[in-house]
Amino acid sequence: MSGVPQRTLLLWCPDWPVLAAEIVDGVPATDPVVVLHANRVIACSERARAEGIRRGLRRREAQGRCPHLTVVDHDPGRDVRAFEPVVAAVEEVVAGVEVIRPGACATAARGPSRYLGGEEAAAERIVEHVAQSCAVESQVGIADGVFAAGLAAREGRIVAPGGTREFLAARPVEALGRPALADLLRRLGVRTLGDFAALPAGDVLARFGFDGALAHRLAGGRDDRPLAVRQPPADLTVTADYDEPIDRVDAAAFAARTLAERLHERLAGYGLACTRLGIEAVTAHGQELHRVWRHDGLLTAAAIADRVRWQLDGWLSGSNGRGGTRPARPTAGIVRLRLVPDGVLAQAGLQPGLWGETGEERERAHRALSRVQGILGPEAVVTAVLGGGRSPADQVRLVPWGDERVPARPGPQPLPPAPPAAVPPVPAGSVSGVAASRPVPAGSAAAPASGVTPSRPAAGAAPGAASAPVVVPPEGRAGRRAGRGRAVAEPPWPGRIPPPSPAVVLPTPLPADVRDAAGEPVVVSARLAVSAAPARLTVGAGRPAEITGWAGPWPVDERWWAPAEARRRARFQVSLADGAALLLAVEGGQWLVEAIYD
């Protein structure tokens, strides 16, 4: 929050909802008029106040005090629309105006006072200009801070610099605009803003909360934030006037390129680009021509120049129609040319296509890749299709460009990790690797529960991994049919690694060596028990790397009914001290690096 309030000039239009109803709906503000919201008066005209009507009265009570009262419903949109010309009039005199609410706007007082010869002269100039431009009565207040300037504007007063605290001290607590807080403060004996500002800030925060602390700052002459002035929109149009009328196509092409470069430079200066372009021309006889060009993408300087040249060519020379007719040419040459950018957006807001213009990338890519296939063969250009499988390599199928993109194995989306389940310990002397060629018979002590592939809780967690079993619903097992004539359920792929998937899958797994903290090889038994926590990893002939986290094992037992094709392995996710994360597999006592995580 700002410690020293900024010198602020605030313009206030009294009874603005009533004036807005007069401006937009034609309700005479000189009559007794009230604006109602939630059946209560929120604004009233001067004549209604003379009849005893005040803000906060109920509708029936207000009509009882003034039977010929005109009632208008509150419309915030109407108030904003009617106040916009007032703000525009203020911006014609000063720069950087912030709209506080419909009927009040503020600006920094330093610039106008120095330019117009003092704060009093600036206030008079703004009030006079608003009255002449909009026929609206207004008052200006100047003080240190927006809150104090708003109270000063209600009196048409200029508070001397440094005198804001004294100006606020005598004001009642109702000036804060918080009825509940004001009522509570009066019951506590605090009646003025000076009394409220004298209270300790910490005690106010503890007793009245954050809104009370904010009101305490305002009562002490300190604003909660600096002015957030409204910046007038930049004028992005470019115009060129020509002494000699342009009536030849070659001269029009030169003018188009020059004007297009100016427009592109102006847009680039604001970090903008356009997707539509309006071209306006005025002839020597006063004839006005206008066309809008649309482009699927960002218009570059060359694209703008081409479209301007094409349009000028069409205007000056015309083009043959269907029946040989030609459009009527302008009666004289062009003396003024104007480019109006439309569809303006941030230059980084529209990503151009990889292959050029938006909408053409598919056709151009297909032609280019088909040509490469014709030179190098169909298998030279392939795309990846994600399907089912237990290992990352099995889930991806490379399909030649142009062939049907069908996965090699059906499968559901990657399964989320499930809660961990305990695995019974095994005695020492376990067998290295996953040596058994057949699964443990169901119902034995070592067999896992139906539909659950067990895994041991990890000593540490690899990035994106969780040491957990994958729960498989019994009705979703691979190869099970729901009945004759019904579709086959998607296989669940038990033993599949949970997401996220590795970023790089090695075409040929690399041999590795995994050892525990004592330097002994880490082995996995037939019951999926890990002999010790993995501590060091050596890939090939490289240097050992420290393992800081691991998860697994995830067992895979494939085609156990065909001994020649049987495959049994267990996978682990490990994270290393250098930040790398790998997917390891152990099969027949041999550790392998299958994939790398990003």
# chains A, B, ... in the order shown; residues from 1 in each chain; ligands from 1

call {"tool": "residues_around", "arguments": {"residues": "Glu280 (chain A)", "least_positions_apart": "5", "cutoff": "7 Å", "atoms": "only C-alpha atoms", "output": "list in words"}}
result
Leu289, His290, Arg291, Leu337, Arg338 and Leu339 of chain A

call {"tool": "residues_around", "arguments": {"residues": "Arg7 (chain A)", "least_positions_apart": "2", "cutoff": "9 Å", "atoms": "only C-alpha atoms", "output": "ChimeraX atom specification"}}
result
/A:5,9,107-110,142-146,149,161

call {"tool": "write_last_selection", "arguments": {"atoms": "N, CA, C and O atoms", "output": "tab-separated table (two decimals), in the first residue's frame"}}
result
chain	number	residue	atom	x	y	z
A	5	PRO	N	-0.01	9.53	0.12
A	5	PRO	CA	-1.07	9.62	-0.90
A	5	PRO	C	-0.70	10.60	-1.99
A	5	PRO	O	-0.04	11.61	-1.78
A	9	LEU	N	-7.12	14.86	-8.14
A	9	LEU	CA	-8.23	15.71	-8.57
A	9	LEU	C	-9.38	14.78	-8.93
A	9	LEU	O	-9.24	13.88	-9.77
A	107	THR	N	-8.05	11.84	-11.41
A	107	THR	CA	-6.78	11.91	-12.12
A	107	THR	C	-5.75	12.55	-11.21
A	107	THR	O	-6.11	13.20	-10.21
A	108	ALA	N	-4.49	12.36	-11.52
A	108	ALA	CA	-3.44	13.01	-10.75
A	108	ALA	C	-3.50	14.52	-10.97
A	108	ALA	O	-3.64	15.00	-12.10
A	109	ALA	N	-3.40	15.28	-9.88
A	109	ALA	CA	-3.58	16.73	-9.97
A	109	ALA	C	-2.32	17.46	-10.40
A	109	ALA	O	-2.40	18.63	-10.80
A	110	ARG	N	-1.18	16.81	-10.34
A	110	ARG	CA	0.06	17.54	-10.59
A	110	ARG	C	0.16	18.03	-12.03
A	110	ARG	O	0.46	19.20	-12.28
A	142	ILE	N	-10.00	18.51	-4.71
A	142	ILE	CA	-8.59	18.16	-4.79
A	142	ILE	C	-8.08	17.97	-3.37
A	142	ILE	O	-8.28	18.83	-2.49
A	143	ALA	N	-7.42	16.83	-3.14
A	143	ALA	CA	-6.87	16.52	-1.82
A	143	ALA	C	-5.80	15.46	-2.00
A	143	ALA	O	-5.53	14.99	-3.12
A	144	ASP	N	-5.20	15.06	-0.87
A	144	ASP	CA	-4.19	13.99	-0.89
A	144	ASP	C	-4.91	12.65	-0.78
A	144	ASP	O	-5.36	12.26	0.30
A	145	GLY	N	-5.05	11.94	-1.92
A	145	GLY	CA	-5.72	10.65	-1.92
A	145	GLY	C	-7.10	10.72	-2.54
A	145	GLY	O	-7.77	11.76	-2.52
A	146	VAL	N	-7.55	9.59	-3.05
A	146	VAL	CA	-8.84	9.52	-3.74
A	146	VAL	C	-9.99	9.69	-2.75
A	146	VAL	O	-10.97	10.38	-3.04
A	149	ALA	N	-10.27	13.27	-1.70
A	149	ALA	CA	-10.69	14.10	-2.83
A	149	ALA	C	-12.17	13.91	-3.12
A	149	ALA	O	-12.86	14.86	-3.51
A	161	PRO	N	-2.20	21.14	0.36
A	161	PRO	CA	-1.30	19.99	0.53
A	161	PRO	C	-0.87	19.83	1.99
A	161	PRO	O	-0.51	20.79	2.67

call {"tool": "residues_around", "arguments": {"residues": "Arg154 (chain A)", "least_positions_apart": "4", "cutoff": "12 Å", "atoms": "only C-alpha atoms", "output": "PyMOL selection string"}}
result
chain A and resi 10-15+103-104+138-142+147-150+158+175

call {"tool": "select_by_dssp", "arguments": {"residues": "region 68-277 of chain A", "states": "strand (DSSP E or B)", "output": "ChimeraX atom specification"}}
result
/A:70-73,97-101,104-108,139-144,158,172,192,230,238-246,272-277

call {"tool": "write_last_selection", "arguments": {"atoms": "N, CA, C and O atoms", "output": "compact mmCIF listing (two decimals), in the first residue's frame"}}
result
# COMPACT_ATOMS: atom_id res chain seq x y z
N THR A 70 -41.68 10.26 -9.37
CA THR A 70 -41.34 9.44 -10.53
C THR A 70 -40.31 8.40 -10.09
O THR A 70 -39.25 8.76 -9.58
N VAL A 71 -40.63 7.13 -10.30
CA VAL A 71 -39.78 6.03 -9.86
C VAL A 71 -39.07 5.43 -11.08
O VAL A 71 -39.71 5.11 -12.09
N VAL A 72 -37.75 5.27 -10.96
CA VAL A 72 -36.93 4.69 -12.03
C VAL A 72 -36.14 3.53 -11.44
O VAL A 72 -35.56 3.65 -10.35
N ASP A 73 -36.11 2.41 -12.14
CA ASP A 73 -35.33 1.25 -11.68
C ASP A 73 -33.85 1.48 -11.93
O ASP A 73 -33.44 2.11 -12.92
N VAL A 97 -7.13 9.25 -16.84
CA VAL A 97 -8.31 9.37 -15.98
C VAL A 97 -8.72 7.98 -15.53
O VAL A 97 -8.76 7.03 -16.32
N GLU A 98 -9.01 7.85 -14.24
CA GLU A 98 -9.53 6.59 -13.68
C GLU A 98 -10.99 6.79 -13.28
O GLU A 98 -11.32 7.74 -12.57
N VAL A 99 -11.84 5.90 -13.75
CA VAL A 99 -13.26 5.95 -13.40
C VAL A 99 -13.42 5.27 -12.04
O VAL A 99 -13.17 4.07 -11.90
N ILE A 100 -13.84 6.02 -11.04
CA ILE A 100 -14.08 5.46 -9.71
C ILE A 100 -15.38 4.68 -9.70
O ILE A 100 -15.45 3.54 -9.23
N ARG A 101 -16.40 5.27 -10.22
CA ARG A 101 -17.74 4.68 -10.36
C ARG A 101 -18.49 5.57 -11.33
O ARG A 101 -18.05 6.70 -11.60
N ALA A 104 -18.26 9.57 -11.07
CA ALA A 104 -17.04 10.08 -10.42
C ALA A 104 -15.83 9.52 -11.14
O ALA A 104 -15.76 8.32 -11.43
N CYS A 105 -14.86 10.38 -11.43
CA CYS A 105 -13.60 9.97 -12.03
C CYS A 105 -12.49 10.82 -11.43
O CYS A 105 -12.71 11.94 -10.96
N ALA A 106 -11.29 10.29 -11.43
CA ALA A 106 -10.16 10.95 -10.77
C ALA A 106 -8.95 10.91 -11.67
O ALA A 106 -8.82 10.06 -12.56
N THR A 107 -8.05 11.84 -11.41
CA THR A 107 -6.78 11.91 -12.12
C THR A 107 -5.75 12.55 -11.21
O THR A 107 -6.11 13.20 -10.21
N ALA A 108 -4.49 12.36 -11.52
CA ALA A 108 -3.44 13.01 -10.75
C ALA A 108 -3.50 14.52 -10.97
O ALA A 108 -3.64 15.00 -12.10
N GLN A 139 -18.77 18.95 -9.92
CA GLN A 139 -17.93 19.61 -8.93
C GLN A 139 -16.60 18.88 -8.86
O GLN A 139 -16.52 17.67 -9.11
N VAL A 140 -15.56 19.62 -8.50
CA VAL A 140 -14.21 19.07 -8.43
C VAL A 140 -13.67 19.28 -7.03
O VAL A 140 -13.84 20.36 -6.44
N GLY A 141 -13.05 18.26 -6.52
CA GLY A 141 -12.35 18.34 -5.24
C GLY A 141 -10.92 17.87 -5.41
O GLY A 141 -10.65 16.94 -6.18
N ILE A 142 -10.00 18.51 -4.71
CA ILE A 142 -8.59 18.16 -4.79
C ILE A 142 -8.08 17.97 -3.37
O ILE A 142 -8.28 18.83 -2.49
N ALA A 143 -7.42 16.83 -3.14
CA ALA A 143 -6.87 16.52 -1.82
C ALA A 143 -5.80 15.46 -2.00
O ALA A 143 -5.53 14.99 -3.12
N ASP A 144 -5.20 15.06 -0.87
CA ASP A 144 -4.19 13.99 -0.89
C ASP A 144 -4.91 12.65 -0.78
O ASP A 144 -5.36 12.26 0.30
N ILE A 158 -10.90 22.65 -2.39
CA ILE A 158 -9.50 22.27 -2.65
C ILE A 158 -8.78 22.27 -1.32
O ILE A 158 -8.61 23.32 -0.69
N PRO A 172 -17.88 12.84 10.00
CA PRO A 172 -18.47 11.73 10.75
C PRO A 172 -18.05 10.39 10.16
O PRO A 172 -17.64 10.30 8.99
N THR A 192 -16.18 10.41 14.92
CA THR A 192 -15.56 11.12 13.80
C THR A 192 -14.42 10.28 13.24
O THR A 192 -13.91 9.35 13.88
N ARG A 230 -6.88 5.27 -16.66
CA ARG A 230 -7.28 4.65 -17.91
C ARG A 230 -6.46 5.22 -19.05
O ARG A 230 -6.33 6.44 -19.19
N VAL A 238 -3.54 4.33 -40.29
CA VAL A 238 -2.55 5.14 -41.02
C VAL A 238 -3.26 5.74 -42.23
O VAL A 238 -4.09 5.08 -42.88
N THR A 239 -2.93 6.98 -42.51
CA THR A 239 -3.57 7.72 -43.60
C THR A 239 -2.51 8.41 -44.42
O THR A 239 -1.50 8.90 -43.88
N ALA A 240 -2.71 8.45 -45.71
CA ALA A 240 -1.81 9.15 -46.62
C ALA A 240 -2.64 10.01 -47.57
O ALA A 240 -3.63 9.52 -48.15
N ASP A 241 -2.25 11.28 -47.71
CA ASP A 241 -2.90 12.22 -48.65
C ASP A 241 -1.96 12.48 -49.81
O ASP A 241 -0.72 12.61 -49.62
N TYR A 242 -2.49 12.55 -51.00
CA TYR A 242 -1.68 12.70 -52.21
C TYR A 242 -2.12 13.97 -52.94
O TYR A 242 -3.32 14.20 -53.17
N ASP A 243 -1.12 14.78 -53.27
CA ASP A 243 -1.41 16.00 -54.02
C ASP A 243 -1.87 15.68 -55.43
O ASP A 243 -2.81 16.31 -55.96
N GLU A 244 -1.20 14.70 -56.04
CA GLU A 244 -1.59 14.28 -57.38
C GLU A 244 -2.48 13.05 -57.27
O GLU A 244 -2.08 12.05 -56.67
N PRO A 245 -3.69 13.07 -57.78
CA PRO A 245 -4.56 11.90 -57.69
C PRO A 245 -3.92 10.67 -58.31
O PRO A 245 -3.28 10.74 -59.37
N ILE A 246 -4.10 9.54 -57.67
CA ILE A 246 -3.55 8.27 -58.16
C ILE A 246 -4.59 7.64 -59.07
O ILE A 246 -5.69 7.28 -58.64
N LEU A 272 1.38 -5.66 -31.45
CA LEU A 272 0.09 -6.13 -31.94
C LEU A 272 0.22 -6.62 -33.37
O LEU A 272 1.22 -6.39 -34.05
N ALA A 273 -0.81 -7.30 -33.79
CA ALA A 273 -0.96 -7.73 -35.18
C ALA A 273 -2.45 -7.76 -35.48
O ALA A 273 -3.28 -7.69 -34.57
N CYS A 274 -2.80 -7.84 -36.75
CA CYS A 274 -4.21 -7.82 -37.12
C CYS A 274 -4.50 -9.00 -38.03
O CYS A 274 -3.63 -9.49 -38.75
N THR A 275 -5.75 -9.44 -38.00
CA THR A 275 -6.21 -10.52 -38.86
C THR A 275 -7.19 -10.03 -39.93
O THR A 275 -7.52 -10.79 -40.83
N ARG A 276 -7.67 -8.80 -39.81
CA ARG A 276 -8.54 -8.19 -40.81
C ARG A 276 -8.03 -6.79 -41.11
O ARG A 276 -7.52 -6.11 -40.22
N LEU A 277 -8.23 -6.37 -42.33
CA LEU A 277 -7.71 -5.07 -42.77
C LEU A 277 -8.81 -4.34 -43.52
O LEU A 277 -9.39 -4.86 -44.48

call {"tool": "residues_around", "arguments": {"residues": "region 302-318 of chain A", "least_positions_apart": "2", "cutoff": "10 Å", "atoms": "only C-alpha atoms", "output": "count of residues only"}}
result
50
